[in-house]
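Below is one structure; the comments refer to it alone.
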Amino acid sequence: MPTMTSSQNAAKPLFSYKKFWAHRLGPAPFLPMSRAEMEQLGWDSCDVILVTGDAYIDHPSFGMALIGRLLEAQGFRVGIISQPDWHSAEDFKRLGRPNLYFGITAGNMDSMVNRYTSDRKIRSDDAYTPNAQPNKRPDRAVTVYAQRAREAYPGSPVVIGSIEASLRRIAHYDYWSDKVRRSVLPDSKADMLIYGNAERALVELTHRLARGEKIQEIRDLRGTAFMVPRGWKPGDDWEEMDSTEVDLPGQVEPHIDPYAMNDSGPVAQAPQTRAGVQELKFMPVAQRVALRKERRSRTVVRLPSYEQVKDDPVLYAHASRTLHLESNPGNARALVQAHGERDVWLNPPPLPLSTAEMDGVYGLPYARAPHPAYGDARIPAWEMIRFSINIMRGCFGGCTFCSITEHEGRIIQSRSEESILREIEEIRDKTPGFTGIISDLGGPTANMYRLACKDPKIEASCRRLSCVYPGICENLDTDHAPLVSLYRKARAIPGVKKVLIGSGLRYDLAVRSPEYVKELVTHHVGGYLKIAPEHTEEGPLSKMMKPGMGAYDHFKRMFEKFSREAGKEQYLIPYFIAAHPGTRDEDMLNLALWLKANNFRLDQVQTFLPTPMALATTMWHSRKNPLKRVGRNTEIVETARAGRQRRVHKAFLRYHDPENWPLLREVLKEMGRADLIGNGKKHLIPNFQPAGTGLKGGFGAKGAPRGGRQERGQERDLVHRIRPPALNQNKGRPGTKAGDARPGSRSGAAKAAGVRRGGGGKGRK
């Protein structure tokens, strides 16, 4: 077996492995989902069987297709079991026993986020299922699928992955059961968990299993986690350190003053030993650095155990902070956390893919369509992304409520211009229904393409949680010229009428490049542009790690200026979050007043949803701030946890809705702000109540529609900008009200589910 450090510090090119023998069979039109399809391909068995909670769509935006095609390119026969009946093991036998392993994924979204709203109500649809049919996957799908696969074929290795597994790799707070749960590894009984971007680990694991290695012996892959006996280490030369040594600073020694004297001479003299004067040894800086790195690579950090963090919120916050500090692939150490008599061992995060590797992954022979077994069924997630292109992955924003950083990492991995332009041509030539409009060139963020640290050495040693908070790092290259060039070449392709940007924009970065903003506003906005201030008040913004409203105002001025110069009427669509940790009632009131002053009415609202492993979730559970050193007496973070207060925060976002007025009147009086109740322009809500409204006690109260259109959790919100009747797109009709048809809006189901490419996440900047 390769040594832990030699394997982890070297990145073997993804497409340099000797192909497995089955490559001679060639690529399949679609990866098979039945025995009949396997027979048509001439297969007697599958080497790898992927089990997923999503419908199988052969497109690189869907994780099971990307991984399946990547393994196929390595020469392996890959089958898909999509949305199996989990009530027994029978459906997991449909393709037979895999020769190498079962790969288990919940799908592009976490199964709990997919099924439940932020108020724990069951959603009425599922964007990743044919015809948006709900209830086609179980809660905690990774655990259930892994157990059923093990039951179907005992002895077959089980490997779990996807965003659901990534966010549950250690003990984590579970919002839906309101308790700290164990790592998904012991619950699922899986042999290995692959977290983050799985390509490197999965390709090497598959080749090594094919060569006859046992999965229990493969312990040196970055981005993997597994169960080991308590105290296990890869070798005798490994050291273990307690996590408190990571987060707590050591003693700070004062600088020596060479001119200071005491009774025994200068303070600066070399220390004495019992044997006499200590010998001074000089070591070159490069040698010292190399020794320090070598020692670090053989050090594992022990987190507080599951049994400790489940009962102690402060230790939970400390463990969360430590995990996030150990997330840079350039300097992260292995982590270990006890669960009962065994340990969960986490190897350091995966190394990012190079541009050539990204091009290879996205250039595989995808059919770019749903599997034919679905017939004419409509799959909303596919409808949303069929004409969009993922140009990069990763995010260095570090928003505390978002799961992208925990899953994809902070280092941006970009495709080449040639690869992206070639995919546009493939969409033009092969995708049915293409009308000449590319709906998005983006990713987790619209404008982080090719942005990176100016110095790779600084990047490798950095331990910041964000490259852009509290301000943009001086070492970050914010040059948008490559993105401007890409936009211009994309819209120049014959047959392409327009290229829109649908991903969320990081506007504090955009204002660094007026040329980019002008290019974007002039050519790539379809009337509305999404940006995410998230809030207006410093308190909640500081807990989100988001910039202040000054950056928003700066971008808004540029947006309006370039829109006027282009002769276009265009509007910004800002996103906001209610009930985020650190948000007071006064903060939500000030946000409501800002919305009214700026003539915004929120159509769909979002309330903070604590997802596993997010730093904001740690605040929610522990009431501590993991953005700083955590201790018993450190900052307390207050959070709107009770049902009424959460309804109040949501009601402030929809101050204009008569259903919320009775609740808001009560709250404003309690806050001593009855002066905001009245029928004038200076008032927030009126005195009168329209007949038949306000009977539910406030938006989101008991009796509101379950999982309905206006309660979609943290994934999305949409704003309707109030405009004079003459500016309404429906000519000759009065201005539309909030909730009416929205020009250019996406399908409701896809919008509700927060559809994301490449492994899920919020994509909110």
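Residue numbering restarts at 1 for every chain of the structure tokens, chains are lettered A, B, ... in their displayed order, and ligands are numbered from 1 as they appear.
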
> as a PyMOL selection string, which residues of stretch 392-477 of chain A does DSSP assign to helix (DSSP H, G or I)?
Replying inline: chain A and resi 404-408+417-430+456-461

> Excluding same-chain residues fewer than 4 positions from A:Lys530, what lies within 7 Å of it counting only C-alpha atoms, as a ChimeraX atom specification?
Replying inline: /A:504-505,572-574

> Pick from A:Gly360, A:Gly231, A:Gly502, A:Pro581: nearest to A:Pro60, with only C-alpha atoms counted?
Replying inline: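 That would be A:Gly360, the residue with the smallest distance to A:Pro60.
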
> Separation of atom CA of A:Phe576 and atom CA of A:Gly442, in Å?
Replying inline: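 About the pair atom CA of A:Phe576 and atom CA of A:Gly442: they are 21.0 Å apart.
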
Give me the residues of stretch 416-517 of chain A that have any atom at most 10 Å from an atom of stretch 324-342 of chain A; for each, the nearest atom pair and the distance in Å, rounded to one decimal. Use only C-alpha atoms, sort by chain and number, and format it as a tab-separated table.
```
residue	atom	partner	partner_atom	distance
A:Pro456	CA	A:Gly330	CA	9.3
A:Lys457	CA	A:Gly330	CA	8.8
A:Ile458	CA	A:Gly330	CA	9.5
A:Glu459	CA	A:Gly330	CA	7.4
A:Ala460	CA	A:Gly330	CA	4.1
A:Ser461	CA	A:Asn331	CA	5.8
A:Cys462	CA	A:Asn328	CA	7.4
A:Arg463	CA	A:Leu325	CA	6.0
A:Arg464	CA	A:Leu325	CA	7.6
A:Leu465	CA	A:Leu325	CA	7.2
```

> Looking at only C-alpha atoms, which of A:His172, A:Pro130, A:Met619, A:Asp85 is the one that sits closest to A:Val144?
Replying inline: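 Between A:His172, A:Pro130, A:Met619, A:Asp85, the residue approaching A:Val144 most closely is A:Asp85.
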
> Any idea what's packed within 8 Å of A:Tyr362, counting only C-alpha atoms, ignoring anything in its chain fewer than 3 positions away? Could you give it as a PyMOL selection string?
Replying inline: chain A and resi 60+66+358-359+419

>> Neighbouring residues of A:Leu476 were defined as those with any atom within 12 Å, considering only C-alpha atoms; residues of the same chain fewer than 2 positions away were excluded. Please report them as a PyMOL selection string.
In response: chain A and resi 396-397+411-412+448+450-456+458-459+462+466-469+471-474+478-480+509+512

>> Which residues are near A:Gly550? Cut-off 12 Å, only C-alpha atoms, ignore same chain within fewer than 2 positions. Put them as number ranges by chain.
In response: A: 507-508, 511, 533, 535-538, 546-548, 552-557

Same residues, C-alpha atoms, output as a CSV table (one decimal), in the first residue's frame:
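Saved to again_22.csv:
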```csv
chain,number,residue,atom,x,y,z
A,507,TYR,CA,-21.3,42.0,-6.7
A,508,ASP,CA,-18.5,43.1,-4.3
A,511,VAL,CA,-17.5,46.4,-8.9
A,533,PRO,CA,-27.4,41.1,-0.1
A,535,HIS,CA,-29.7,41.5,4.8
A,536,THR,CA,-29.2,45.2,5.4
A,537,GLU,CA,-28.1,45.2,9.0
A,538,GLU,CA,-24.5,44.7,10.3
A,546,LYS,CA,-21.5,39.1,3.8
A,547,PRO,CA,-20.5,42.6,2.8
A,548,GLY,CA,-22.4,45.6,3.9
A,552,TYR,CA,-24.8,46.8,-3.0
A,553,ASP,CA,-25.4,50.5,-3.5
A,554,HIS,CA,-22.1,50.8,-5.5
A,555,PHE,CA,-23.1,47.9,-7.8
A,556,LYS,CA,-26.7,49.2,-8.1
A,557,ARG,CA,-25.4,52.6,-9.4
```

> Could you pull out all residues of stretch 75-125 of chain A with a DSSP call of strand (DSSP E or B) and give them as a VMD selection string?
Replying inline: chain A and resid 78 to 82 101 to 105 116 122

Dump as an mmCIF file, in the first residue's frame, selection limited to N, CA and C atoms:
```
data_model
loop_
_atom_site.group_PDB
_atom_site.id
_atom_site.type_symbol
_atom_site.label_atom_id
_atom_site.label_comp_id
_atom_site.auth_asym_id
_atom_site.auth_seq_id
_atom_site.Cartn_x
_atom_site.Cartn_y
_atom_site.Cartn_z
ATOM 1 N N VAL A 78 -20.603 0.597 -15.873
ATOM 2 C CA VAL A 78 -21.318 1.276 -14.795
ATOM 3 C C VAL A 78 -22.816 1.203 -15.052
ATOM 4 N N GLY A 79 -23.567 0.749 -14.050
ATOM 5 C CA GLY A 79 -25.019 0.725 -14.119
ATOM 6 C C GLY A 79 -25.618 1.717 -13.139
ATOM 7 N N ILE A 80 -26.863 2.098 -13.402
ATOM 8 C CA ILE A 80 -27.565 3.087 -12.569
ATOM 9 C C ILE A 80 -28.839 2.464 -12.007
ATOM 10 N N ILE A 81 -29.020 2.571 -10.700
ATOM 11 C CA ILE A 81 -30.310 2.264 -10.073
ATOM 12 C C ILE A 81 -30.864 3.589 -9.574
ATOM 13 N N SER A 82 -31.877 4.081 -10.258
ATOM 14 C CA SER A 82 -32.427 5.405 -9.983
ATOM 15 C C SER A 82 -33.716 5.294 -9.177
ATOM 16 N N TYR A 101 -18.125 -2.519 -6.433
ATOM 17 C CA TYR A 101 -18.790 -1.893 -5.287
ATOM 18 C C TYR A 101 -20.098 -1.231 -5.723
ATOM 19 N N PHE A 102 -20.933 -0.925 -4.709
ATOM 20 C CA PHE A 102 -22.082 -0.041 -4.857
ATOM 21 C C PHE A 102 -21.622 1.378 -4.527
ATOM 22 N N GLY A 103 -21.988 2.346 -5.366
ATOM 23 C CA GLY A 103 -21.771 3.757 -5.068
ATOM 24 C C GLY A 103 -23.104 4.395 -4.728
ATOM 25 N N ILE A 104 -23.229 4.950 -3.536
ATOM 26 C CA ILE A 104 -24.523 5.426 -3.034
ATOM 27 C C ILE A 104 -24.540 6.946 -2.969
ATOM 28 N N THR A 105 -25.569 7.543 -3.526
ATOM 29 C CA THR A 105 -25.756 8.992 -3.463
ATOM 30 C C THR A 105 -27.229 9.320 -3.266
ATOM 31 N N TYR A 116 -38.241 18.658 2.837
ATOM 32 C CA TYR A 116 -38.850 19.477 3.879
ATOM 33 C C TYR A 116 -38.520 20.947 3.698
ATOM 34 N N ILE A 122 -43.646 19.112 4.749
ATOM 35 C CA ILE A 122 -43.316 18.294 3.585
ATOM 36 C C ILE A 122 -43.628 19.071 2.308
#
```

> Any idea what's packed within 12 Å of A:Arg428, counting only C-alpha atoms, ignoring anything in its chain fewer than 2 positions away? Could you give it as a count of residues only?
Replying inline: 25

> Separation of atom CA of A:Arg506 and atom CA of A:Ile391, in Å?
Replying inline: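 Taking atom CA of A:Arg506 as the start and atom CA of A:Ile391 as the end point, the length is 15.5 Å.
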